[in-house]
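S.K.: This is the structure I have questions about; it appears just below.
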Amino acid sequence: MLFGIDGVVIGLIIVFVCLFGGILSGFPVAFAIGGAGVISFGIIAGLDSAGLMIHQAIDTSSDAYRVLVNSGVRPDAVSVFRYPELPRVAQSVFPSGWEVAMDRNVSFIVNRMNERVLAGQSIETLLAVLMFVMMGITLERSKIANDLLTTMARVFGPLPGGLAVSIVVVGAFLAASTGIVGATVVTMGLLALPTMLRANYSPELATGVIAASGTLGQIIPPSIVIVLLGTLAGDLYSTAQEARASSLGCTDALTYLGEPAVVSVGTLFQAALLPGIMLALLYALYAFGYALLNPEKAPAVPMGSTNAEPVTRSEAFTWFVGAPALLIVGTIMLGNLGMVGSQSVTVSSFSDITEGASLRTNVSPECQAAMIDLHGQDAWDSAVAEQQVIDDAGGVQESVKLSEEELATSLSDKIASAAPIGTGVAIILVLLSLFLTTARGVSPTSDPRPLIIGGVGLVLTVLVDILLVGPLTTSGTMVVLMAIPFAMAMYGVVYATKLCARNELIRVVFPPLVLIVAVLGSILGGITNPTPAAALGAGGALMLAAYRKLKDEDRSPKVIIWSTLAIIICILVGVNFDLRINQENVSVESWIAFLVAYGAYLYAVFGLLFSCWVLYTSGVLTPVVRETAKVTSMVFTILIGSQLLNLVVISFGGEHYIQQFLKSYDNELTVFLIVMLVLFVLGFVLDFLEIIYIVIPIVGPVIYGGTFDPKWVTIMIAVNLQTSFLTPPFGFALFYLRGVAPPQVTTGHIYRGIIPFVLIQLAGLAILWLFPSIVTIVPDLIPS
């Protein structure tokens with residue numbers, strides 16, 4: 001045994017030395033990881049052949065081991081860490097020889113590449129990475145980020161520390177549109193740092209707020225970190241909980257947990273929303289408080305108004321606060337009164353299946369004891385009582401086909417309970433109303449008659465919906481009835497658009513904000529999964545960048561505008577009409593709707609291709625595609641290399657050894673703290689990609705196999721890595737900022753400036769630790 005050290009420990013040391021050596025050598029990281037796996041395996045295989053890699057394993061044939069197992073201790077819980085007094089037996093780290101291990105590794109790496117990179121279930125989610133990267137790089141290269149920064153500086157500049165607050169706002173904005181830490185830090189460092197220094201801002205505050213705000217891309221969705229971590233966490237959690245249930249005597253994780261052991265990327269986006277907003281608010285509050293205590297280091301800097309005409313305080317309150325609040329609160333009240341709601345009359349031809357008990361009760365005594373320990377005695381007793389009631393009623397009733405009379409009764413009940421105003425109509429009318437009130441607030445001196453006509457059109461639309469449109473009214477008839485009122489409303493909206501264009505804040509912020517809301521809203525609302533939403537974001541970013549370029553060149557952007565309207569028409573027609581024309585009996589109404597939707601779709605595609613042409617001829621598209629390909633290729637190459645490195649660690653028992661060490665602690669909290677500390681330290685020298693694909697698969701079965709909520713575990717890991725990337729002297733964000741900072745800004749300025757934000761990050765971790773509901777409340781409120 002080499003140096004008296006266990007062979008598995010020597011193998012782990014060799015792997016990590018090769019990994020860090022490859023990364024620090026300057027060789028491309030994506031290839032250094034795979035190379036470290038090959039080199040370390042060769043070294044370990046050579047030492048094993050020389051008889052120097054000896055592992056001291058527990059002798060499972062000894063009497064002491066048999067006595068321990070017979071006493072009730074599970075064999076998988078027996079380890080050299082928990083029971084060091086048990087007899088040992090010396091064995092090779094490659095029990096069947098390194099040749100067999102290499103053959104197994106080659107087979108596994110091919111299978112894993114096929115599963116996770118080429119054609120597996122996770123490839124669809126990983127494609128979202130490509131789309132989000134393109135979305136972020138497009139917005140950055142088209143100078144939309146520059147416009148956002150300038151506009152926010154004008155809004156917040158007159159406040160103490162206003163420029164710093166504007167950096168936080170734009171950082172959160174860019175985080176939600178790019179999700180790339182390096183791009184956000186570099187962009188804001190180039191654009192904002194010189195401006196803040198010229199405004200006599202402290203170099204410490206300026207660099208600290210830029211570096212901290214740039215790392216918000218780690219946590220604010222659609223974060224690439226969350227996408228990659230989520231694809232891995234879902235598999236780890238499901239497998240770990242199945243193993244946990246089996247070890248406790250339960251048939252599967254569903255029986256033991258009472259719910260499926262599933263966590264998706266969309267759910268993690270929902271979980272990350274509030275923590276990301278919380279951190280951004282903490283950053284902004286610190287900047288504002290620093291300015292109040294040190295006004296000479298963060299002075300107010302008036303940078304001009306964003307509106308074309310002055311607006312009094314009463315007018316601003318009326319149209320920007322009072323009227324919108326009245327509309328939103330009024331709509332909510334109407335919903336509570338049953339005036340606004342679903343108008344669906346779709347009824348099932350089959351009866352509902354009777355629900356079972358909240359927990360499965362037909363389980364083994366071992367599983368029953370484990371379930372009581374997990375859920376509590378009250379929950380178990382309640383499930384037993386529910387099951388008894390079901391059994392007394394004849395058991396769970398299967399679904400049966402309803403008769404014609406039962407179908408008619410069900411349809412009549414649906415019609416009777418339908419709300420007078422449909423939910424979709426109410427949402428559209430509220431949004432259009434808010435647009436009209438905003439336009440009035442932006443330009444109070446303009447002619448109000450078009451806005452009044454638009455408002456009258458909205459009121460008439462509501463009256464038509466209440467009086468003439470019922471649950472059985474066809475979509476075509478509804479369009480005809482609402483054509484004139486809606487045309488009046490759109491007349492006012494078009495006029496309102498011209499007025500809102502006079503306000504720089506609306507003109508600059510509104511388009512990317514709509515894009516971000518569309519992408520995140522479709523994911524957080526459960527409408528679609530991240531990949532189609534990412535495709536929407538990438539296409540929208542291209543069209544937005546093309547619009548910006550056409551305006552800069554004094555060319556008409558009408559094609560982009562009409563293409564956007566075509567997308568809206570596609571959505572509205574698809575929601576309200578049955579477009580399935582491959583059925584036997586298709587109505588004329590459906591054919592007309594299909595042709596309208598198809599025509600709008602073709603024009604939207606034309607608009608996207610036109611946008612690409614505009615960006616290509618202006619020299620924007622080529623670098624966007626090149627950078628997207630570079631980043632995406634790096635991600636997938638690191639994924640392949642990390643799989644190879646993981647298989648090397650598994651082949652000589654390193655993964656099992658680490659997991660045994662972690663499981664030797666009885667306190668689950670202690671295990672999680674150890675993992676968090678290790679991840680924090682590794683964040684100094686490894687990027688998030690290496691940590692996600694190398695470290696998480698090793699420790700994941702332990703931290704995801706306990707009682708902690710997997711959403712909370714994942715978000716805590718993401719925030720922990722974000723903190724690590726900020727911490728001096730090795731934080732990645734600091735190196736990014738150092739590369740673009742002017743000479744008068746020293747490394748000492750950057751380090752001193754970032755320390756308060758590191759403390760804020762630690763406070764944020766503590767808050768999430770003490771109040772995990774901050775992570776879980778949004779996923780709990782939004783239905784799956």
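Following the order of the structure tokens, first chain is A, next is B, and so on, with residues numbered from 1 inside each chain and ligands from 1 in the order they appear.
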Pull the alpha helix (DSSP H) assignments for stretch 529-562 of chain A out of DSSP run on the backbone, and list those residues as a PyMOL selection string.

M.R.: chain A and resi 530-552+558-562

S.K.: Show which residues sit within 12 Å of A:Gly11, as a PDB file with N, CA, C and O atoms, in the first residue's frame. Count only C-alpha atoms, and ignore same-chain residues fewer than 6 positions away.

M.R.:
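result.pdb, written as the output of this step:
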```pdb
ATOM      1  N   LEU A   2       0.719   2.103  -0.998  1.00  0.00           N
ATOM      2  CA  LEU A   2       1.589   3.254  -1.209  1.00  0.00           C
ATOM      3  C   LEU A   2       1.431   4.265  -0.073  1.00  0.00           C
ATOM      4  O   LEU A   2       0.330   4.758   0.195  1.00  0.00           O
ATOM      5  N   ILE A   5      -1.450   4.744   2.594  1.00  0.00           N
ATOM      6  CA  ILE A   5      -2.737   5.397   2.308  1.00  0.00           C
ATOM      7  C   ILE A   5      -3.608   4.441   1.509  1.00  0.00           C
ATOM      8  O   ILE A   5      -3.117   3.714   0.631  1.00  0.00           O
ATOM      9  N   VAL A  17      -5.653  16.001  -8.838  1.00  0.00           N
ATOM     10  CA  VAL A  17      -4.405  16.654  -9.247  1.00  0.00           C
ATOM     11  C   VAL A  17      -4.342  16.778 -10.770  1.00  0.00           C
ATOM     12  O   VAL A  17      -3.971  17.837 -11.312  1.00  0.00           O
ATOM     13  N   CYS A  18      -4.714  15.718 -11.465  1.00  0.00           N
ATOM     14  CA  CYS A  18      -4.736  15.778 -12.930  1.00  0.00           C
ATOM     15  C   CYS A  18      -5.754  16.797 -13.424  1.00  0.00           C
ATOM     16  O   CYS A  18      -5.498  17.533 -14.385  1.00  0.00           O
ATOM     17  N   GLY A  37      -9.270  12.770 -17.193  1.00  0.00           N
ATOM     18  CA  GLY A  37      -9.829  11.447 -16.946  1.00  0.00           C
ATOM     19  C   GLY A  37      -8.966  10.348 -17.549  1.00  0.00           C
ATOM     20  O   GLY A  37      -8.684   9.333 -16.898  1.00  0.00           O
ATOM     21  N   ILE A  39      -5.697  10.507 -18.456  1.00  0.00           N
ATOM     22  CA  ILE A  39      -4.372  10.451 -17.823  1.00  0.00           C
ATOM     23  C   ILE A  39      -4.452   9.829 -16.432  1.00  0.00           C
ATOM     24  O   ILE A  39      -3.639   8.964 -16.074  1.00  0.00           O
ATOM     25  N   SER A  40      -5.431  10.271 -15.639  1.00  0.00           N
ATOM     26  CA  SER A  40      -5.540   9.732 -14.277  1.00  0.00           C
ATOM     27  C   SER A  40      -5.846   8.242 -14.303  1.00  0.00           C
ATOM     28  O   SER A  40      -5.326   7.479 -13.483  1.00  0.00           O
ATOM     29  N   PHE A  41      -6.664   7.787 -15.245  1.00  0.00           N
ATOM     30  CA  PHE A  41      -6.953   6.356 -15.330  1.00  0.00           C
ATOM     31  C   PHE A  41      -5.690   5.573 -15.671  1.00  0.00           C
ATOM     32  O   PHE A  41      -5.435   4.496 -15.117  1.00  0.00           O
ATOM     33  N   GLY A  42      -4.870   6.119 -16.580  1.00  0.00           N
ATOM     34  CA  GLY A  42      -3.620   5.451 -16.937  1.00  0.00           C
ATOM     35  C   GLY A  42      -2.684   5.339 -15.746  1.00  0.00           C
ATOM     36  O   GLY A  42      -2.061   4.287 -15.524  1.00  0.00           O
ATOM     37  N   ILE A  43      -2.569   6.426 -14.956  1.00  0.00           N
ATOM     38  CA  ILE A  43      -1.681   6.397 -13.788  1.00  0.00           C
ATOM     39  C   ILE A  43      -2.193   5.384 -12.758  1.00  0.00           C
ATOM     40  O   ILE A  43      -1.419   4.578 -12.209  1.00  0.00           O
ATOM     41  N   ILE A  44      -3.501   5.416 -12.479  1.00  0.00           N
ATOM     42  CA  ILE A  44      -4.074   4.506 -11.487  1.00  0.00           C
ATOM     43  C   ILE A  44      -3.936   3.059 -11.945  1.00  0.00           C
ATOM     44  O   ILE A  44      -3.611   2.159 -11.150  1.00  0.00           O
ATOM     45  N   ALA A  45      -4.185   2.815 -13.242  1.00  0.00           N
ATOM     46  CA  ALA A  45      -4.041   1.449 -13.761  1.00  0.00           C
ATOM     47  C   ALA A  45      -2.601   0.958 -13.627  1.00  0.00           C
ATOM     48  O   ALA A  45      -2.358  -0.210 -13.277  1.00  0.00           O
ATOM     49  N   GLY A  46      -1.617   1.851 -13.884  1.00  0.00           N
ATOM     50  CA  GLY A  46      -0.216   1.453 -13.747  1.00  0.00           C
ATOM     51  C   GLY A  46       0.145   1.128 -12.315  1.00  0.00           C
ATOM     52  O   GLY A  46       0.826   0.129 -12.038  1.00  0.00           O
ATOM     53  N   LEU A  47      -0.303   1.970 -11.374  1.00  0.00           N
ATOM     54  CA  LEU A  47      -0.026   1.705  -9.957  1.00  0.00           C
ATOM     55  C   LEU A  47      -0.725   0.442  -9.484  1.00  0.00           C
ATOM     56  O   LEU A  47      -0.185  -0.320  -8.659  1.00  0.00           O
ATOM     57  N   ASP A  48      -1.927   0.196 -10.008  1.00  0.00           N
ATOM     58  CA  ASP A  48      -2.654  -1.013  -9.621  1.00  0.00           C
ATOM     59  C   ASP A  48      -1.941  -2.255 -10.136  1.00  0.00           C
ATOM     60  O   ASP A  48      -1.834  -3.267  -9.416  1.00  0.00           O
ATOM     61  N   LEU A  52       0.474  -1.422  -6.018  1.00  0.00           N
ATOM     62  CA  LEU A  52       0.606  -0.321  -5.066  1.00  0.00           C
ATOM     63  C   LEU A  52      -0.733   0.296  -4.689  1.00  0.00           C
ATOM     64  O   LEU A  52      -0.792   1.104  -3.763  1.00  0.00           O
ATOM     65  N   MET A  53      -1.786  -0.054  -5.396  1.00  0.00           N
ATOM     66  CA  MET A  53      -3.118   0.518  -5.121  1.00  0.00           C
ATOM     67  C   MET A  53      -3.948  -0.524  -4.380  1.00  0.00           C
ATOM     68  O   MET A  53      -4.646  -1.350  -4.986  1.00  0.00           O
ATOM     69  N   ILE A  54      -3.858  -0.534  -3.073  1.00  0.00           N
ATOM     70  CA  ILE A  54      -4.555  -1.513  -2.245  1.00  0.00           C
ATOM     71  C   ILE A  54      -5.664  -0.811  -1.458  1.00  0.00           C
ATOM     72  O   ILE A  54      -5.418   0.201  -0.802  1.00  0.00           O
ATOM     73  N   HIS A  55      -6.867  -1.384  -1.551  1.00  0.00           N
ATOM     74  CA  HIS A  55      -8.016  -0.825  -0.827  1.00  0.00           C
ATOM     75  C   HIS A  55      -8.347  -1.719   0.363  1.00  0.00           C
ATOM     76  O   HIS A  55      -8.480  -2.944   0.235  1.00  0.00           O
ATOM     77  N   SER A  92      -7.614  -5.214  -4.532  1.00  0.00           N
ATOM     78  CA  SER A  92      -7.230  -4.267  -5.579  1.00  0.00           C
ATOM     79  C   SER A  92      -8.369  -3.278  -5.812  1.00  0.00           C
ATOM     80  O   SER A  92      -9.549  -3.603  -5.629  1.00  0.00           O
ATOM     81  N   VAL A  93      -7.999  -2.047  -6.219  1.00  0.00           N
ATOM     82  CA  VAL A  93      -9.049  -1.055  -6.519  1.00  0.00           C
ATOM     83  C   VAL A  93      -9.800  -1.433  -7.788  1.00  0.00           C
ATOM     84  O   VAL A  93     -10.917  -0.958  -8.016  1.00  0.00           O
ATOM     85  N   PHE A  94      -9.183  -2.283  -8.642  1.00  0.00           N
ATOM     86  CA  PHE A  94      -9.854  -2.844  -9.808  1.00  0.00           C
ATOM     87  C   PHE A  94      -9.987  -4.341  -9.563  1.00  0.00           C
ATOM     88  O   PHE A  94      -9.104  -5.122  -9.947  1.00  0.00           O
ATOM     89  N   VAL A 648     -14.294   7.314 -14.556  1.00  0.00           N
ATOM     90  CA  VAL A 648     -12.994   6.925 -13.997  1.00  0.00           C
ATOM     91  C   VAL A 648     -13.083   6.847 -12.475  1.00  0.00           C
ATOM     92  O   VAL A 648     -12.605   5.892 -11.850  1.00  0.00           O
ATOM     93  N   VAL A 649     -13.699   7.846 -11.857  1.00  0.00           N
ATOM     94  CA  VAL A 649     -13.853   7.856 -10.400  1.00  0.00           C
ATOM     95  C   VAL A 649     -14.687   6.666  -9.946  1.00  0.00           C
ATOM     96  O   VAL A 649     -14.381   6.017  -8.933  1.00  0.00           O
ATOM     97  N   ILE A 650     -15.742   6.354 -10.702  1.00  0.00           N
ATOM     98  CA  ILE A 650     -16.600   5.218 -10.340  1.00  0.00           C
ATOM     99  C   ILE A 650     -15.839   3.904 -10.479  1.00  0.00           C
ATOM    100  O   ILE A 650     -15.990   2.988  -9.663  1.00  0.00           O
ATOM    101  N   SER A 651     -14.990   3.790 -11.499  1.00  0.00           N
ATOM    102  CA  SER A 651     -14.355   2.509 -11.828  1.00  0.00           C
ATOM    103  C   SER A 651     -13.460   1.993 -10.715  1.00  0.00           C
ATOM    104  O   SER A 651     -13.344   0.778 -10.532  1.00  0.00           O
ATOM    105  N   PHE A 652     -12.797   2.890  -9.972  1.00  0.00           N
ATOM    106  CA  PHE A 652     -11.946   2.401  -8.883  1.00  0.00           C
ATOM    107  C   PHE A 652     -12.596   2.591  -7.506  1.00  0.00           C
ATOM    108  O   PHE A 652     -11.925   2.482  -6.471  1.00  0.00           O
ATOM    109  N   GLY A 653     -13.897   2.859  -7.483  1.00  0.00           N
ATOM    110  CA  GLY A 653     -14.641   2.932  -6.228  1.00  0.00           C
ATOM    111  C   GLY A 653     -14.597   4.276  -5.538  1.00  0.00           C
ATOM    112  O   GLY A 653     -15.015   4.395  -4.375  1.00  0.00           O
ATOM    113  N   GLY A 654     -14.140   5.319  -6.219  1.00  0.00           N
ATOM    114  CA  GLY A 654     -14.031   6.630  -5.589  1.00  0.00           C
ATOM    115  C   GLY A 654     -15.377   7.241  -5.233  1.00  0.00           C
ATOM    116  O   GLY A 654     -15.539   7.828  -4.149  1.00  0.00           O
ATOM    117  N   GLU A 655     -16.353   7.095  -6.131  1.00  0.00           N
ATOM    118  CA  GLU A 655     -17.675   7.657  -5.867  1.00  0.00           C
ATOM    119  C   GLU A 655     -18.307   6.982  -4.650  1.00  0.00           C
ATOM    120  O   GLU A 655     -18.854   7.654  -3.763  1.00  0.00           O
ATOM    121  N   TYR A 657     -16.777   5.500  -2.212  1.00  0.00           N
ATOM    122  CA  TYR A 657     -15.994   5.862  -1.026  1.00  0.00           C
ATOM    123  C   TYR A 657     -16.438   7.215  -0.481  1.00  0.00           C
ATOM    124  O   TYR A 657     -16.641   7.382   0.732  1.00  0.00           O
ATOM    125  N   ILE A 658     -16.620   8.202  -1.366  1.00  0.00           N
ATOM    126  CA  ILE A 658     -17.057   9.540  -0.937  1.00  0.00           C
ATOM    127  C   ILE A 658     -18.467   9.474  -0.356  1.00  0.00           C
ATOM    128  O   ILE A 658     -18.763  10.098   0.674  1.00  0.00           O
TER     129      ILE A 658
END
```

S.K.: Go through A:Leu513, A:Leu148, A:Leu524, A:Val389 one by one, measure the shortest atom-to-atom distance of each to A:Leu781 using only C-alpha atoms, and give the residue with the smallest value.

M.R.: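 Ranked by minimum distance to A:Leu781, first place goes to A:Leu524.
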
S.K.: Find the distance between atom CA of A:Pro87 and atom CA of A:Asp6 and write it in Å to one decimal.

M.R.: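 Pair atom CA of A:Pro87 / atom CA of A:Asp6 returns 15.0 Å.
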
S.K.: May I have the residues within 8 Å of A:Ala32 as a PyMOL selection string, using only C-alpha atoms and disregarding those fewer than 6 positions away in the same chain?

M.R.: chain A and resi 19+22-23

S.K.: Excluding stretch 165-171 of chain A and any residue of its chain fewer than 2 positions from it, enumerate the residues within 6 Å of it, using only C-alpha atoms, and give them as a PyMOL selection string.

M.R.: chain A and resi 152-153+156+162-163+173-175+213-214+284

S.K.: Could the residues in this selection be saved with all heavy atoms as an mmCIF file, in the first residue's frame?

M.R.:
```
data_model
loop_
_atom_site.group_PDB
_atom_site.id
_atom_site.type_symbol
_atom_site.label_atom_id
_atom_site.label_comp_id
_atom_site.auth_asym_id
_atom_site.auth_seq_id
_atom_site.Cartn_x
_atom_site.Cartn_y
_atom_site.Cartn_z
ATOM 1 N N MET A 152 -32.169 53.522 -17.514
ATOM 2 C CA MET A 152 -32.312 53.326 -16.072
ATOM 3 C C MET A 152 -31.506 54.354 -15.290
ATOM 4 O O MET A 152 -31.907 54.769 -14.198
ATOM 5 C CB MET A 152 -31.877 51.908 -15.690
ATOM 6 C CG MET A 152 -32.837 50.831 -16.140
ATOM 7 S SD MET A 152 -34.494 51.074 -15.440
ATOM 8 C CE MET A 152 -35.412 49.806 -16.300
ATOM 9 N N ALA A 153 -30.367 54.763 -15.821
ATOM 10 C CA ALA A 153 -29.577 55.801 -15.152
ATOM 11 C C ALA A 153 -30.344 57.113 -15.098
ATOM 12 O O ALA A 153 -30.261 57.860 -14.117
ATOM 13 C CB ALA A 153 -28.249 55.992 -15.880
ATOM 14 N N PHE A 156 -33.172 56.501 -12.242
ATOM 15 C CA PHE A 156 -32.724 56.409 -10.847
ATOM 16 C C PHE A 156 -31.614 57.389 -10.505
ATOM 17 O O PHE A 156 -31.293 57.558 -9.326
ATOM 18 C CB PHE A 156 -32.236 54.986 -10.543
ATOM 19 C CG PHE A 156 -33.309 53.944 -10.605
ATOM 20 C CD1 PHE A 156 -33.440 53.115 -11.702
ATOM 21 C CD2 PHE A 156 -34.201 53.786 -9.559
ATOM 22 C CE1 PHE A 156 -34.428 52.151 -11.766
ATOM 23 C CE2 PHE A 156 -35.196 52.830 -9.600
ATOM 24 C CZ PHE A 156 -35.316 52.008 -10.706
ATOM 25 N N GLY A 162 -28.283 56.478 -7.024
ATOM 26 C CA GLY A 162 -29.188 56.073 -8.095
ATOM 27 C C GLY A 162 -28.513 55.287 -9.201
ATOM 28 O O GLY A 162 -29.091 54.341 -9.752
ATOM 29 N N LEU A 163 -27.265 55.672 -9.543
ATOM 30 C CA LEU A 163 -26.572 54.939 -10.597
ATOM 31 C C LEU A 163 -26.315 53.489 -10.167
ATOM 32 O O LEU A 163 -26.434 52.567 -10.972
ATOM 33 C CB LEU A 163 -25.246 55.628 -10.938
ATOM 34 C CG LEU A 163 -25.337 56.948 -11.708
ATOM 35 C CD1 LEU A 163 -23.943 57.478 -12.023
ATOM 36 C CD2 LEU A 163 -26.121 56.770 -12.994
ATOM 37 N N PHE A 173 -32.182 42.588 -15.081
ATOM 38 C CA PHE A 173 -32.814 42.542 -16.394
ATOM 39 C C PHE A 173 -31.998 41.678 -17.345
ATOM 40 O O PHE A 173 -32.525 40.799 -18.050
ATOM 41 C CB PHE A 173 -32.930 43.965 -16.950
ATOM 42 C CG PHE A 173 -34.175 44.198 -17.753
ATOM 43 C CD1 PHE A 173 -35.245 44.869 -17.208
ATOM 44 C CD2 PHE A 173 -34.266 43.753 -19.051
ATOM 45 C CE1 PHE A 173 -36.401 45.098 -17.938
ATOM 46 C CE2 PHE A 173 -35.403 43.971 -19.797
ATOM 47 C CZ PHE A 173 -36.475 44.649 -19.239
ATOM 48 N N LEU A 174 -30.673 41.930 -17.382
ATOM 49 C CA LEU A 174 -29.806 41.159 -18.266
ATOM 50 C C LEU A 174 -29.702 39.710 -17.806
ATOM 51 O O LEU A 174 -29.569 38.801 -18.626
ATOM 52 C CB LEU A 174 -28.411 41.789 -18.311
ATOM 53 C CG LEU A 174 -28.313 43.164 -18.982
ATOM 54 C CD1 LEU A 174 -26.879 43.652 -18.955
ATOM 55 C CD2 LEU A 174 -28.820 43.100 -20.413
ATOM 56 N N ALA A 175 -29.748 39.488 -16.491
ATOM 57 C CA ALA A 175 -29.714 38.118 -15.982
ATOM 58 C C ALA A 175 -30.909 37.326 -16.486
ATOM 59 O O ALA A 175 -30.795 36.151 -16.835
ATOM 60 C CB ALA A 175 -29.694 38.127 -14.461
ATOM 61 N N SER A 213 -24.103 42.335 -9.322
ATOM 62 C CA SER A 213 -25.285 42.304 -10.181
ATOM 63 C C SER A 213 -25.080 41.373 -11.368
ATOM 64 O O SER A 213 -26.028 40.747 -11.840
ATOM 65 C CB SER A 213 -25.603 43.721 -10.674
ATOM 66 O OG SER A 213 -25.862 44.584 -9.593
ATOM 67 N N GLY A 214 -23.833 41.282 -11.848
ATOM 68 C CA GLY A 214 -23.570 40.384 -12.963
ATOM 69 C C GLY A 214 -23.786 38.928 -12.629
ATOM 70 O O GLY A 214 -24.157 38.122 -13.493
ATOM 71 N N ALA A 284 -29.803 46.408 -4.028
ATOM 72 C CA ALA A 284 -30.274 47.782 -4.217
ATOM 73 C C ALA A 284 -30.402 48.508 -2.880
ATOM 74 O O ALA A 284 -30.046 49.694 -2.773
ATOM 75 C CB ALA A 284 -31.614 47.777 -4.959
#
```

S.K.: With a distance cut-off of 12 Å and only C-alpha atoms, select the neighbouring residues of A:Ala501, excluding the residue or stretch itself and same-chain residues fewer than 4 positions from it, and output the selection as JSON, numbers by chain.

M.R.: {"A": [306, 307, 308, 435, 438, 439, 442, 443, 494, 495, 496, 497, 505, 506, 507, 508, 509, 510, 511]}

S.K.: Do you know which residues are at most 10 Å from A:Ala487 counting only C-alpha atoms, after dropping those on the same chain fewer than 2 positions away, and could you put them as a list in words?

M.R.: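 Near A:Ala487, the qualifying residues are Ile453, Gly454, Gly457, Leu458, Thr461, Met482, Ala483, Ile484, Pro485, Ala489, Met490, Tyr491, Gly492 and Val493 of chain A.
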
S.K.: Output C-alpha atoms of each residue in that selection to a file, as a JSON list (two decimals), in the first residue's frame.

M.R.:
```json
[["chain", "number", "residue", "atom", "x", "y", "z"],
["A", 453, "ILE", "CA", -62.87, 56.03, -28.29],
["A", 454, "GLY", "CA", -60.58, 53.15, -27.35],
["A", 457, "GLY", "CA", -64.62, 50.20, -27.43],
["A", 458, "LEU", "CA", -63.39, 48.24, -24.42],
["A", 461, "THR", "CA", -66.59, 44.70, -25.77],
["A", 482, "MET", "CA", -66.90, 41.89, -31.23],
["A", 483, "ALA", "CA", -65.39, 43.16, -34.48],
["A", 484, "ILE", "CA", -66.65, 46.77, -34.23],
["A", 485, "PRO", "CA", -66.03, 47.27, -30.46],
["A", 489, "ALA", "CA", -60.41, 49.68, -28.90],
["A", 490, "MET", "CA", -57.49, 49.02, -31.27],
["A", 491, "TYR", "CA", -57.88, 52.52, -32.74],
["A", 492, "GLY", "CA", -57.22, 53.90, -29.28],
["A", 493, "VAL", "CA", -54.36, 51.43, -28.71]]
```

S.K.: Record the distance separating atom CA of A:Tyr547 and atom CA of A:Arg626, expressed in Å with one decimal.

M.R.: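 About the pair atom CA of A:Tyr547 and atom CA of A:Arg626: they are 21.2 Å apart.
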
S.K.: I'd like the contact shell of A:Gln722 - 8 Å cut-off, only C-alpha atoms, skipping same-chain residues fewer than 6 positions apart - returned as a PyMOL selection string.

M.R.: chain A and resi 215-216+218-219

S.K.: Take the residues that were just selected and, keeping C-alpha atoms, output them as a PDB file, in the first residue's frame.

M.R.:
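The resulting file, selection_35.pdb, is reproduced below:
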```
ATOM      1  CA  THR A 215     -23.745  37.158 -10.986  1.00  0.00           C
ATOM      2  CA  LEU A 216     -27.534  37.387 -10.723  1.00  0.00           C
ATOM      3  CA  GLN A 218     -26.680  32.370 -11.818  1.00  0.00           C
ATOM      4  CA  ILE A 219     -30.046  32.398 -10.093  1.00  0.00           C
TER       5      ILE A 219
END
```
